[in-house]
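Novice: Pasting query-v5.cif below, which is mmCIF, N, CA and C atoms.
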data_model
loop_
_atom_site.label_atom_id
_atom_site.label_comp_id
_atom_site.auth_asym_id
_atom_site.auth_seq_id
_atom_site.Cartn_x
_atom_site.Cartn_y
_atom_site.Cartn_z
N MET F 43 2.54 3.17 7.63
CA MET F 43 3.40 2.04 7.95
C MET F 43 3.97 1.48 6.65
N GLU F 44 5.26 1.33 6.60
CA GLU F 44 5.94 0.79 5.44
C GLU F 44 5.72 -0.71 5.34
N ILE F 45 5.60 -1.20 4.10
CA ILE F 45 5.38 -2.64 3.92
C ILE F 45 6.56 -3.46 4.42
N THR F 46 7.77 -2.89 4.34
CA THR F 46 8.93 -3.65 4.81
C THR F 46 8.94 -3.82 6.32
N SER F 47 8.15 -3.00 7.03
CA SER F 47 8.05 -3.20 8.47
C SER F 47 7.09 -4.34 8.80
N ILE F 48 6.18 -4.64 7.88
CA ILE F 48 5.25 -5.75 8.05
C ILE F 48 5.90 -7.04 7.54
N MET F 49 6.45 -6.96 6.34
CA MET F 49 7.13 -8.09 5.71
C MET F 49 8.57 -7.67 5.48
N GLY F 50 9.51 -8.50 5.79
CA GLY F 50 10.90 -8.17 5.53
C GLY F 50 11.19 -8.16 4.04
N ALA F 51 12.24 -7.45 3.66
CA ALA F 51 12.62 -7.37 2.25
C ALA F 51 12.81 -8.75 1.61
N PRO F 52 13.45 -9.71 2.30
CA PRO F 52 13.60 -11.04 1.68
C PRO F 52 12.25 -11.69 1.36
N LYS F 53 11.27 -11.53 2.22
CA LYS F 53 9.94 -12.10 1.98
C LYS F 53 9.26 -11.41 0.80
N ILE F 54 9.41 -10.11 0.73
CA ILE F 54 8.83 -9.36 -0.39
C ILE F 54 9.47 -9.82 -1.70
N LYS F 55 10.78 -9.96 -1.73
CA LYS F 55 11.46 -10.44 -2.93
C LYS F 55 10.96 -11.82 -3.33
N GLU F 56 10.80 -12.68 -2.36
CA GLU F 56 10.30 -14.03 -2.62
C GLU F 56 8.92 -13.97 -3.29
N GLU F 57 8.05 -13.13 -2.75
CA GLU F 57 6.71 -13.02 -3.33
C GLU F 57 6.75 -12.39 -4.72
N LEU F 58 7.62 -11.41 -4.91
CA LEU F 58 7.76 -10.81 -6.23
C LEU F 58 8.24 -11.84 -7.25
N TYR F 59 9.20 -12.67 -6.86
CA TYR F 59 9.65 -13.74 -7.76
C TYR F 59 8.49 -14.64 -8.14
N HIS F 60 7.64 -14.96 -7.16
CA HIS F 60 6.48 -15.80 -7.43
C HIS F 60 5.54 -15.10 -8.41
N PHE F 61 5.27 -13.81 -8.18
CA PHE F 61 4.39 -13.07 -9.10
C PHE F 61 4.96 -13.07 -10.51
N ILE F 62 6.26 -12.90 -10.62
CA ILE F 62 6.90 -12.88 -11.94
C ILE F 62 6.77 -14.25 -12.61
N GLU F 63 7.05 -15.31 -11.88
CA GLU F 63 6.96 -16.66 -12.44
C GLU F 63 5.54 -17.01 -12.89
N GLU F 64 4.56 -16.57 -12.12
CA GLU F 64 3.17 -16.94 -12.40
C GLU F 64 2.42 -15.90 -13.23
N GLY F 65 3.01 -14.71 -13.37
CA GLY F 65 2.29 -13.60 -14.00
C GLY F 65 2.16 -13.72 -15.50
N ASP F 66 1.12 -13.07 -16.00
CA ASP F 66 0.93 -13.00 -17.44
C ASP F 66 1.77 -11.85 -18.00
N ALA F 67 1.73 -11.69 -19.32
CA ALA F 67 2.55 -10.68 -19.98
C ALA F 67 2.23 -9.27 -19.48
N ARG F 68 0.96 -9.00 -19.19
CA ARG F 68 0.57 -7.67 -18.72
C ARG F 68 1.24 -7.34 -17.38
N LEU F 69 1.18 -8.28 -16.45
CA LEU F 69 1.80 -8.06 -15.14
C LEU F 69 3.31 -7.87 -15.27
N ILE F 70 3.94 -8.71 -16.08
CA ILE F 70 5.39 -8.62 -16.27
C ILE F 70 5.77 -7.25 -16.83
N LYS F 71 5.01 -6.78 -17.80
CA LYS F 71 5.31 -5.47 -18.39
C LYS F 71 5.12 -4.35 -17.38
N MET F 72 4.09 -4.45 -16.55
CA MET F 72 3.87 -3.42 -15.53
C MET F 72 4.99 -3.42 -14.50
N LEU F 73 5.37 -4.60 -14.02
CA LEU F 73 6.46 -4.67 -13.04
C LEU F 73 7.76 -4.14 -13.64
N TYR F 74 8.00 -4.49 -14.90
CA TYR F 74 9.20 -4.02 -15.59
C TYR F 74 9.20 -2.49 -15.70
N ALA F 75 8.04 -1.92 -16.08
CA ALA F 75 7.95 -0.47 -16.24
C ALA F 75 8.20 0.24 -14.91
N VAL F 76 7.65 -0.28 -13.85
CA VAL F 76 7.85 0.32 -12.52
C VAL F 76 9.32 0.25 -12.13
N ALA F 77 9.92 -0.94 -12.29
CA ALA F 77 11.32 -1.11 -11.91
C ALA F 77 12.24 -0.22 -12.75
N LYS F 78 11.96 -0.16 -14.04
CA LYS F 78 12.80 0.64 -14.94
C LYS F 78 12.70 2.13 -14.56
N GLU F 79 11.49 2.59 -14.33
CA GLU F 79 11.30 4.00 -13.96
C GLU F 79 11.98 4.31 -12.64
N TYR F 80 11.86 3.42 -11.69
CA TYR F 80 12.46 3.62 -10.37
C TYR F 80 13.97 3.74 -10.46
N THR F 81 14.58 2.92 -11.28
CA THR F 81 16.04 2.92 -11.36
C THR F 81 16.59 3.98 -12.30
N GLN F 82 15.73 4.63 -13.10
CA GLN F 82 16.25 5.64 -14.02
C GLN F 82 16.73 6.87 -13.29
N ASP F 83 15.86 7.82 -13.03
CA ASP F 83 16.38 9.01 -12.38
C ASP F 83 15.45 9.65 -11.36
N ASP F 84 14.29 9.11 -11.13
CA ASP F 84 13.45 9.70 -10.10
C ASP F 84 14.00 9.43 -8.72
N TYR F 85 14.54 8.26 -8.53
CA TYR F 85 15.08 7.88 -7.24
C TYR F 85 16.45 7.24 -7.47
N THR F 86 17.32 7.42 -6.54
CA THR F 86 18.58 6.69 -6.61
C THR F 86 18.40 5.41 -5.83
N LEU F 87 19.12 4.39 -6.21
CA LEU F 87 19.00 3.12 -5.50
C LEU F 87 19.41 3.25 -4.04
N SER F 88 20.29 4.18 -3.77
CA SER F 88 20.72 4.38 -2.38
C SER F 88 19.72 5.22 -1.59
N GLY F 89 18.73 5.79 -2.31
CA GLY F 89 17.73 6.61 -1.64
C GLY F 89 18.18 8.05 -1.42
N LYS F 90 19.29 8.41 -2.02
CA LYS F 90 19.81 9.77 -1.86
C LYS F 90 18.90 10.76 -2.59
N PRO F 91 18.47 11.82 -1.91
CA PRO F 91 17.58 12.78 -2.56
C PRO F 91 18.32 13.60 -3.62
N MET F 92 17.55 14.09 -4.59
CA MET F 92 18.14 14.94 -5.62
C MET F 92 18.46 16.31 -5.04
N THR F 93 19.45 16.91 -5.62
CA THR F 93 19.76 18.29 -5.23
C THR F 93 18.81 19.23 -5.96
N ALA F 94 18.73 20.46 -5.51
CA ALA F 94 17.88 21.45 -6.17
C ALA F 94 18.31 21.65 -7.62
N ASN F 95 19.61 21.65 -7.86
CA ASN F 95 20.11 21.82 -9.24
C ASN F 95 19.72 20.64 -10.12
N GLN F 96 19.78 19.42 -9.58
CA GLN F 96 19.37 18.25 -10.35
C GLN F 96 17.88 18.34 -10.70
N LEU F 97 17.08 18.74 -9.75
CA LEU F 97 15.65 18.88 -9.99
C LEU F 97 15.38 19.95 -11.04
N LYS F 98 16.05 21.10 -10.92
CA LYS F 98 15.86 22.18 -11.91
C LYS F 98 16.25 21.72 -13.31
N THR F 99 17.33 20.96 -13.40
CA THR F 99 17.76 20.43 -14.70
C THR F 99 16.72 19.49 -15.28
N ARG F 100 16.18 18.61 -14.44
CA ARG F 100 15.14 17.69 -14.90
C ARG F 100 13.90 18.43 -15.38
N VAL F 101 13.50 19.45 -14.65
CA VAL F 101 12.32 20.23 -15.05
C VAL F 101 12.59 20.96 -16.36
N ARG F 102 13.76 21.56 -16.48
CA ARG F 102 14.12 22.27 -17.72
C ARG F 102 14.13 21.31 -18.91
N ASP F 103 14.73 20.12 -18.72
CA ASP F 103 14.77 19.12 -19.79
C ASP F 103 13.36 18.63 -20.16
N ALA F 104 12.52 18.44 -19.15
CA ALA F 104 11.15 17.99 -19.41
C ALA F 104 10.38 19.04 -20.20
N LYS F 105 10.54 20.31 -19.84
CA LYS F 105 9.87 21.38 -20.57
C LYS F 105 10.32 21.43 -22.03
N ALA F 106 11.60 21.20 -22.25
CA ALA F 106 12.13 21.19 -23.62
C ALA F 106 11.53 20.04 -24.43
N ARG F 107 11.40 18.86 -23.79
CA ARG F 107 10.80 17.71 -24.47
C ARG F 107 9.34 18.00 -24.81
N ILE F 108 8.63 18.61 -23.91
CA ILE F 108 7.22 18.95 -24.15
C ILE F 108 7.10 19.93 -25.30
N ALA F 109 7.96 20.95 -25.32
CA ALA F 109 7.94 21.95 -26.39
C ALA F 109 8.20 21.31 -27.76
N LYS F 110 8.98 20.23 -27.78
CA LYS F 110 9.28 19.52 -29.03
C LYS F 110 8.20 18.49 -29.38
N GLY F 111 7.21 18.35 -28.51
CA GLY F 111 6.15 17.37 -28.76
C GLY F 111 6.54 15.96 -28.38
N GLN F 112 7.57 15.81 -27.58
CA GLN F 112 8.05 14.50 -27.17
C GLN F 112 7.40 14.09 -25.85
N TYR F 113 6.14 13.69 -25.93
CA TYR F 113 5.42 13.25 -24.75
C TYR F 113 4.34 12.27 -25.17
N THR F 114 3.78 11.58 -24.21
CA THR F 114 2.70 10.63 -24.46
C THR F 114 1.41 11.21 -23.89
N THR F 115 0.37 11.24 -24.71
CA THR F 115 -0.91 11.75 -24.23
C THR F 115 -1.59 10.67 -23.39
N GLN F 116 -2.57 11.09 -22.62
CA GLN F 116 -3.33 10.15 -21.81
C GLN F 116 -4.02 9.12 -22.70
N ASP F 117 -4.59 9.56 -23.83
CA ASP F 117 -5.25 8.63 -24.75
C ASP F 117 -4.27 7.60 -25.30
N ASP F 118 -3.07 8.05 -25.70
CA ASP F 118 -2.07 7.13 -26.21
C ASP F 118 -1.64 6.13 -25.14
N LEU F 119 -1.49 6.60 -23.93
CA LEU F 119 -1.10 5.72 -22.83
C LEU F 119 -2.18 4.67 -22.58
N GLU F 120 -3.42 5.08 -22.58
CA GLU F 120 -4.52 4.14 -22.36
C GLU F 120 -4.59 3.10 -23.47
N LYS F 121 -4.35 3.50 -24.72
CA LYS F 121 -4.31 2.55 -25.84
C LYS F 121 -3.16 1.57 -25.66
N GLU F 122 -2.01 2.07 -25.26
CA GLU F 122 -0.85 1.21 -25.04
C GLU F 122 -1.12 0.20 -23.93
N MET F 123 -1.78 0.65 -22.88
CA MET F 123 -2.07 -0.24 -21.76
C MET F 123 -3.02 -1.36 -22.18
N GLN F 124 -3.90 -1.11 -23.13
CA GLN F 124 -4.82 -2.14 -23.62
C GLN F 124 -4.06 -3.28 -24.29
N GLU F 125 -2.88 -2.98 -24.81
CA GLU F 125 -2.07 -3.99 -25.51
C GLU F 125 -1.25 -4.83 -24.52
N TRP F 126 -1.17 -4.42 -23.28
CA TRP F 126 -0.42 -5.18 -22.29
C TRP F 126 -1.17 -6.43 -22.03
#
Would you give me this structure, written as structure tokens?
Specialist:
Amino acid sequence: MEITSIMGAPKIKEELYHFIEEGDARLIKMLYAVAKEYTQDDYTLSGKPMTANQLKTRVRDAKARIAKGQYTTQDDLEKEMQEW
């Protein structure tokens, strides 16, 4: 069951605004990271699915970044999260 079927989108937005207003820096950073990742390229705001070619391009690009050492290790991520 989707949360929007339990709570309407306007109610969810209202609660999110409250969480943002009352939240500490760690919560704000987590919400920001989720929102930023969502709007980048994993999902489109319209909910349109990626094409097979788009997915292949993303995988190819990701593999190239990994080969260049452009990634975050689990240990580095855990250290970064401690600073939130």
Novice: Can you translate the PyMOL selection byres ((chain F and resi 114-125) around 8) into the concrete residues it hits in this file, as a PyMOL selection string?
Specialist: chain F and resi 67-68+111-113+126
Novice: Write out the residues from the selection above, keeping N, CA and C atoms, as a CSV table (one decimal), in the frame of the given file.
Specialist:
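Generated output (out.csv):
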chain,number,residue,atom,x,y,z
F,67,ALA,N,1.7,-11.7,-19.3
F,67,ALA,CA,2.6,-10.7,-20.0
F,67,ALA,C,2.2,-9.3,-19.5
F,68,ARG,N,1.0,-9.0,-19.2
F,68,ARG,CA,0.6,-7.7,-18.7
F,68,ARG,C,1.2,-7.3,-17.4
F,111,GLY,N,7.2,18.4,-28.5
F,111,GLY,CA,6.2,17.4,-28.8
F,111,GLY,C,6.5,16.0,-28.4
F,112,GLN,N,7.6,15.8,-27.6
F,112,GLN,CA,8.0,14.5,-27.2
F,112,GLN,C,7.4,14.1,-25.8
F,113,TYR,N,6.1,13.7,-25.9
F,113,TYR,CA,5.4,13.2,-24.8
F,113,TYR,C,4.3,12.3,-25.2
F,126,TRP,N,-1.2,-4.4,-23.3
F,126,TRP,CA,-0.4,-5.2,-22.3
F,126,TRP,C,-1.2,-6.4,-22.0
Novice: Report, in Å to a single decimal, how far apart atom N of Lys71 (chain F) and atom C of Thr99 (chain F) are.
Specialist: 28.9 Å
Novice: When DSSP is applied to the backbone of this structure, which of chain F are assigned alpha helix (DSSP H)? Write them out as a ChimeraX atom specification.
Specialist: /F:45-48,51-64,67-79,94-109,116-124
Novice: Edge lengths and centre in Å to one decimal, as AutoDock Vina command-line options, is what I'm after for the box along x, y and z that holds all listed atoms of region 53-60 of chain F once 6 Å is added on each side.
Specialist:
--center_x 8.5 --center_y -12.6 --center_z -3.1 --size_x 17.9 --size_y 18.4 --size_z 22.6
Novice: Could you state the separation of atom N of Tyr74 (chain F) and atom N of Ile62 (chain F) in Å, given to one decimal place?
Specialist: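 About the pair atom N of Tyr74 (chain F) and atom N of Ile62 (chain F): they are 9.6 Å apart.
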Novice: Atom C of Leu69 (chain F) and atom N of Pro91 (chain F), how far apart in Å?
Specialist: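 Computing it gives 28.2 Å between the two atoms.
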